[in-house]
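One structure is given below, encoded as structure tokens.
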Amino acid sequence: QVRLAESGGGLVQAGDSLRLSCSVMGTPVRLGAMGWYRQSPGKQRELVANITSGGARNYEDSVKGRFTVSVDYARNTMALQMNNVKPEDTAVYYCYVPRWGRDFWGQGTQVTVSS
């Protein structure tokens, strides 16, 4: 069983930086893809950034150049560094890991950006 726990969310002002972390339990992060999604009220959950099984990084267009996804293989964690945040980045951010034909999600961490 894979368990994911996000941390690092909070209330920040536009232009600030924030770092989210996802602790991964039950599977080594080196085994495959993983990523970050977010969901705002009234909107569908969307992919923010991911790391493929080959190590490639992909980003949603609105966060390119501002967000960076990374993996710490020693600590078995994934991080999302968010720089120059904007009010439209306000959402609940979820850690996501697909393994063995199943999708595993964390409970999410709230990020609120004030203007």
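Lettering and numbering for the structure tokens are positional, with chains as A, B, ... in the shown order, residues counted from 1 in each chain, and ligands counted from 1 in the shown order.
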Write out as a VMD selection string each polymer residue whose atoms come within 7 Å of range 87-95 of chain A, counting only C-alpha atoms; drop sequence neighbours fewer than 5 positions from it.
chain A and resid 4 6 14 22 35 to 40 105 to 115
Can you list, as a short mmCIF file (atom, residue, chain, number, x, y, z; two decimals) with all heavy atoms, in the first residue's frame, every protein, DNA or RNA residue that comes within 8 Å of Leu20 in chain A when you count only C-alpha atoms, leaving out same-chain residues fewer than 2 positions away?
```cif
data_model
loop_
_atom_site.label_atom_id
_atom_site.label_comp_id
_atom_site.auth_asym_id
_atom_site.auth_seq_id
_atom_site.Cartn_x
_atom_site.Cartn_y
_atom_site.Cartn_z
N GLU A 6 1.39 15.17 2.08
CA GLU A 6 1.87 16.48 1.67
C GLU A 6 2.05 17.41 2.87
O GLU A 6 1.34 17.28 3.88
CB GLU A 6 0.90 17.15 0.68
CG GLU A 6 0.59 16.35 -0.56
CD GLU A 6 -0.68 15.55 -0.45
OE1 GLU A 6 -1.09 15.27 0.70
OE2 GLU A 6 -1.29 15.22 -1.48
N SER A 7 2.95 18.35 2.71
CA SER A 7 3.14 19.39 3.72
C SER A 7 3.70 20.63 3.04
O SER A 7 4.16 20.57 1.90
CB SER A 7 4.10 18.92 4.82
OG SER A 7 5.37 18.62 4.28
N GLY A 8 3.63 21.75 3.76
CA GLY A 8 4.24 22.96 3.26
C GLY A 8 3.29 24.01 2.74
O GLY A 8 3.73 25.12 2.38
N GLY A 9 2.01 23.70 2.69
CA GLY A 9 1.07 24.71 2.21
C GLY A 9 0.88 25.83 3.21
O GLY A 9 1.37 25.77 4.33
N LEU A 18 7.17 29.34 -1.99
CA LEU A 18 6.63 28.33 -1.10
C LEU A 18 7.18 26.99 -1.58
O LEU A 18 7.35 26.78 -2.79
CB LEU A 18 5.10 28.33 -1.18
CG LEU A 18 4.29 27.65 -0.08
CD1 LEU A 18 4.53 28.35 1.25
CD2 LEU A 18 2.80 27.70 -0.43
N CYS A 22 6.24 16.10 -0.41
CA CYS A 22 5.41 14.90 -0.38
C CYS A 22 6.26 13.75 0.13
O CYS A 22 7.24 13.36 -0.53
CB CYS A 22 4.87 14.60 -1.76
SG CYS A 22 3.96 13.04 -1.88
N ALA A 79 9.29 17.14 -4.04
CA ALA A 79 9.05 18.52 -3.65
C ALA A 79 8.56 19.33 -4.85
O ALA A 79 8.80 18.97 -6.00
CB ALA A 79 10.32 19.14 -3.08
N LEU A 80 7.86 20.40 -4.54
CA LEU A 80 7.45 21.36 -5.55
C LEU A 80 7.86 22.74 -5.03
O LEU A 80 7.28 23.24 -4.06
CB LEU A 80 5.95 21.32 -5.80
CG LEU A 80 5.45 22.25 -6.90
CD1 LEU A 80 5.95 21.76 -8.27
CD2 LEU A 80 3.92 22.32 -6.90
N GLN A 81 8.87 23.31 -5.65
CA GLN A 81 9.30 24.65 -5.30
C GLN A 81 8.49 25.63 -6.13
O GLN A 81 8.51 25.58 -7.35
CB GLN A 81 10.79 24.83 -5.59
CG GLN A 81 11.33 26.22 -5.31
CD GLN A 81 11.29 26.57 -3.84
OE1 GLN A 81 11.59 25.73 -2.98
NE2 GLN A 81 10.92 27.81 -3.52
N MET A 82 7.79 26.51 -5.44
CA MET A 82 6.90 27.46 -6.09
C MET A 82 7.45 28.86 -5.87
O MET A 82 7.50 29.34 -4.75
CB MET A 82 5.49 27.34 -5.49
CG MET A 82 4.94 25.93 -5.52
SD MET A 82 3.45 25.71 -4.50
CE MET A 82 2.31 26.83 -5.29
#
```
Please identify the strand (DSSP E) residues within chain A (assignment by DSSP from backbone atoms) and present them as a ChimeraX atom specification.
/A:3-7,10-13,18-25,34-39,46-51,57-59,67-72,77-82,91-99,102-105,109-114
I need the residues from that last selection saved to file as a compact mmCIF listing (two decimals), in the first residue's frame (with C-alpha atoms), if you can.
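That gives us result-v3.txt:
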```txt
# COMPACT_ATOMS: atom_id res chain seq x y z
CA ARG A 3 0.69 6.35 1.36
CA LEU A 4 1.44 9.95 0.53
CA ALA A 5 1.61 12.91 2.89
CA GLU A 6 1.87 16.48 1.67
CA SER A 7 3.14 19.39 3.72
CA GLY A 10 -0.11 27.96 3.69
CA LEU A 11 -1.11 31.56 3.13
CA VAL A 12 1.37 33.68 1.19
CA GLN A 13 1.37 36.91 -0.74
CA LEU A 18 6.63 28.33 -1.10
CA ARG A 19 7.94 24.77 -1.01
CA LEU A 20 5.64 21.78 -0.88
CA SER A 21 6.88 18.35 0.12
CA CYS A 22 5.41 14.90 -0.38
CA SER A 23 6.56 12.02 1.79
CA VAL A 24 6.14 8.71 -0.01
CA MET A 25 5.66 5.50 1.96
CA MET A 34 4.96 10.82 -9.82
CA GLY A 35 3.60 14.31 -9.82
CA TRP A 36 1.69 17.23 -8.36
CA TYR A 37 -1.89 18.14 -9.15
CA ARG A 38 -4.04 20.99 -7.90
CA GLN A 39 -7.72 21.74 -7.64
CA GLU A 46 -5.23 19.61 -13.09
CA LEU A 47 -1.67 18.47 -13.50
CA VAL A 48 0.85 21.01 -12.25
CA ALA A 49 4.11 19.15 -12.74
CA ASN A 50 5.31 15.59 -13.00
CA ILE A 51 8.39 13.45 -13.29
CA ARG A 57 10.01 16.92 -16.00
CA ASN A 58 6.77 18.32 -17.39
CA TYR A 59 4.97 21.49 -16.32
CA PHE A 67 7.69 26.03 -10.31
CA THR A 68 10.26 23.25 -10.08
CA VAL A 69 9.55 19.63 -9.24
CA SER A 70 12.29 17.52 -7.70
CA VAL A 71 12.85 14.15 -6.07
CA ASP A 72 15.05 13.22 -3.12
CA THR A 77 10.24 12.49 -1.03
CA MET A 78 9.10 14.75 -3.84
CA ALA A 79 9.05 18.52 -3.65
CA LEU A 80 7.45 21.36 -5.55
CA GLN A 81 9.30 24.65 -5.30
CA MET A 82 6.90 27.46 -6.09
CA ALA A 91 -5.70 25.64 -4.78
CA VAL A 92 -5.38 22.40 -2.89
CA TYR A 93 -2.22 20.68 -4.07
CA TYR A 94 -2.08 16.89 -4.23
CA CYS A 95 0.80 14.48 -4.53
CA TYR A 96 0.17 11.66 -7.01
CA VAL A 97 1.89 8.32 -7.57
CA PRO A 98 0.72 5.69 -10.08
CA ARG A 99 1.87 2.19 -9.16
CA ARG A 102 -3.53 2.00 -9.31
CA ASP A 103 -3.54 5.72 -8.61
CA PHE A 104 -2.46 6.88 -5.17
CA TRP A 105 -3.20 10.37 -3.85
CA THR A 109 -2.33 20.74 1.20
CA GLN A 110 -3.98 24.14 0.81
CA VAL A 111 -2.08 26.96 -0.84
CA THR A 112 -3.66 30.39 -0.70
CA VAL A 113 -2.05 33.35 -2.45
CA SER A 114 -3.30 36.82 -1.59
```
For the atom pair CA of Lys86 in chain A and CA of Gln44 in chain A, what is the interatomic distance in Å to one decimal place?
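Separation of CA of Lys86 in chain A and CA of Gln44 in chain A: 18.7 Å.
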In Å, with one decimal, what is the gap from CA of Thr27 in chain A to CA of Glu60 in chain A?
25.7 Å
Need to verify the contact set: Ser17 in chain A, 7 Å, only C-alpha atoms, exclusion of same-chain residues closer than 4 positions in sequence. Can you return it as a PyMOL selection string?
chain A and resi 82-85
Keeping only C-alpha atoms, write the selected residues as a tab-separated table (two decimals), in the first residue's frame.
```
chain	number	residue	atom	x	y	z
A	82	MET	CA	6.90	27.46	-6.09
A	83	ASN	CA	8.41	30.87	-6.85
A	84	ASN	CA	6.71	34.12	-7.74
A	85	VAL	CA	3.33	32.70	-6.80
```
Identify all residues of chain A in helix (DSSP H, G or I) (DSSP on the backbone) and supply them as a list of chain:residue names.
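Selection result, helix (DSSP H, G or I) within chain A: A:Val29, A:Arg30, A:Leu31, A:Asp61, A:Ser62, A:Val63, A:Pro87, A:Glu88, A:Asp89.
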Go ahead and write the residues just picked, all heavy atoms, as a PDB file, in the first residue's frame.
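The resulting file, part14.pdb, is reproduced below:
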```pdb
ATOM      1  N   VAL A  29      10.556   6.045  -4.623  1.00  0.00           N
ATOM      2  CA  VAL A  29      10.212   7.032  -5.639  1.00  0.00           C
ATOM      3  C   VAL A  29      10.954   6.775  -6.938  1.00  0.00           C
ATOM      4  O   VAL A  29      10.519   7.193  -8.012  1.00  0.00           O
ATOM      5  CB  VAL A  29      10.509   8.471  -5.142  1.00  0.00           C
ATOM      6  CG1 VAL A  29       9.627   8.802  -3.949  1.00  0.00           C
ATOM      7  CG2 VAL A  29      11.983   8.637  -4.791  1.00  0.00           C
ATOM      8  N   ARG A  30      12.057   6.062  -6.881  1.00  0.00           N
ATOM      9  CA  ARG A  30      12.853   5.823  -8.074  1.00  0.00           C
ATOM     10  C   ARG A  30      12.181   4.828  -9.028  1.00  0.00           C
ATOM     11  O   ARG A  30      12.615   4.667 -10.156  1.00  0.00           O
ATOM     12  CB  ARG A  30      14.224   5.266  -7.684  1.00  0.00           C
ATOM     13  CG  ARG A  30      14.161   3.964  -6.889  1.00  0.00           C
ATOM     14  CD  ARG A  30      15.537   3.414  -6.575  1.00  0.00           C
ATOM     15  NE  ARG A  30      15.483   2.291  -5.654  1.00  0.00           N
ATOM     16  CZ  ARG A  30      15.148   1.057  -5.997  1.00  0.00           C
ATOM     17  NH1 ARG A  30      14.859   0.786  -7.260  1.00  0.00           N
ATOM     18  NH2 ARG A  30      15.117   0.095  -5.084  1.00  0.00           N
ATOM     19  N   LEU A  31      11.100   4.169  -8.577  1.00  0.00           N
ATOM     20  CA  LEU A  31      10.493   3.108  -9.375  1.00  0.00           C
ATOM     21  C   LEU A  31       9.662   3.620 -10.549  1.00  0.00           C
ATOM     22  O   LEU A  31       9.397   2.863 -11.483  1.00  0.00           O
ATOM     23  CB  LEU A  31       9.630   2.222  -8.493  1.00  0.00           C
ATOM     24  CG  LEU A  31      10.359   1.190  -7.636  1.00  0.00           C
ATOM     25  CD1 LEU A  31       9.367   0.274  -6.951  1.00  0.00           C
ATOM     26  CD2 LEU A  31      11.354   0.392  -8.452  1.00  0.00           C
ATOM     27  N   ASP A  61       1.527  24.911 -18.424  1.00  0.00           N
ATOM     28  CA  ASP A  61       2.055  26.131 -19.036  1.00  0.00           C
ATOM     29  C   ASP A  61       2.126  27.322 -18.081  1.00  0.00           C
ATOM     30  O   ASP A  61       3.095  28.092 -18.095  1.00  0.00           O
ATOM     31  CB  ASP A  61       1.206  26.509 -20.250  1.00  0.00           C
ATOM     32  CG  ASP A  61       1.465  25.611 -21.453  1.00  0.00           C
ATOM     33  OD1 ASP A  61       2.488  24.897 -21.447  1.00  0.00           O
ATOM     34  OD2 ASP A  61       0.645  25.620 -22.389  1.00  0.00           O
ATOM     35  N   SER A  62       1.127  27.491 -17.245  1.00  0.00           N
ATOM     36  CA  SER A  62       1.086  28.684 -16.394  1.00  0.00           C
ATOM     37  C   SER A  62       2.139  28.684 -15.292  1.00  0.00           C
ATOM     38  O   SER A  62       2.387  29.728 -14.685  1.00  0.00           O
ATOM     39  CB  SER A  62      -0.312  28.849 -15.785  1.00  0.00           C
ATOM     40  OG  SER A  62      -0.548  27.849 -14.815  1.00  0.00           O
ATOM     41  N   VAL A  63       2.758  27.546 -15.025  1.00  0.00           N
ATOM     42  CA  VAL A  63       3.754  27.490 -13.950  1.00  0.00           C
ATOM     43  C   VAL A  63       5.171  27.343 -14.476  1.00  0.00           C
ATOM     44  O   VAL A  63       6.124  27.369 -13.688  1.00  0.00           O
ATOM     45  CB  VAL A  63       3.446  26.347 -12.948  1.00  0.00           C
ATOM     46  CG1 VAL A  63       2.016  26.437 -12.460  1.00  0.00           C
ATOM     47  CG2 VAL A  63       3.746  24.981 -13.536  1.00  0.00           C
ATOM     48  N   PRO A  87      -2.091  34.849  -7.380  1.00  0.00           N
ATOM     49  CA  PRO A  87      -3.397  34.488  -6.793  1.00  0.00           C
ATOM     50  C   PRO A  87      -4.046  33.298  -7.502  1.00  0.00           C
ATOM     51  O   PRO A  87      -4.717  32.486  -6.847  1.00  0.00           O
ATOM     52  CB  PRO A  87      -4.214  35.772  -6.957  1.00  0.00           C
ATOM     53  CG  PRO A  87      -3.197  36.864  -6.920  1.00  0.00           C
ATOM     54  CD  PRO A  87      -1.990  36.302  -7.629  1.00  0.00           C
ATOM     55  N   GLU A  88      -3.834  33.164  -8.785  1.00  0.00           N
ATOM     56  CA  GLU A  88      -4.438  32.045  -9.511  1.00  0.00           C
ATOM     57  C   GLU A  88      -3.784  30.698  -9.187  1.00  0.00           C
ATOM     58  O   GLU A  88      -4.266  29.658  -9.637  1.00  0.00           O
ATOM     59  CB  GLU A  88      -4.384  32.289 -11.028  1.00  0.00           C
ATOM     60  CG  GLU A  88      -3.024  32.699 -11.563  1.00  0.00           C
ATOM     61  CD  GLU A  88      -2.875  34.209 -11.684  1.00  0.00           C
ATOM     62  OE1 GLU A  88      -3.319  34.951 -10.772  1.00  0.00           O
ATOM     63  OE2 GLU A  88      -2.291  34.654 -12.702  1.00  0.00           O
ATOM     64  N   ASP A  89      -2.713  30.703  -8.417  1.00  0.00           N
ATOM     65  CA  ASP A  89      -2.115  29.456  -7.945  1.00  0.00           C
ATOM     66  C   ASP A  89      -2.843  28.919  -6.709  1.00  0.00           C
ATOM     67  O   ASP A  89      -2.537  27.816  -6.242  1.00  0.00           O
ATOM     68  CB  ASP A  89      -0.641  29.665  -7.591  1.00  0.00           C
ATOM     69  CG  ASP A  89       0.215  29.997  -8.799  1.00  0.00           C
ATOM     70  OD1 ASP A  89      -0.038  29.444  -9.889  1.00  0.00           O
ATOM     71  OD2 ASP A  89       1.139  30.826  -8.652  1.00  0.00           O
TER      72      ASP A  89
END
```
Report the distance between CA of Gly101 in chain A and CA of Asn76 in chain A in Å, rounded to one decimal place.
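Taking CA of Gly101 in chain A as the start and CA of Asn76 in chain A as the end point, the length is 20.4 Å.
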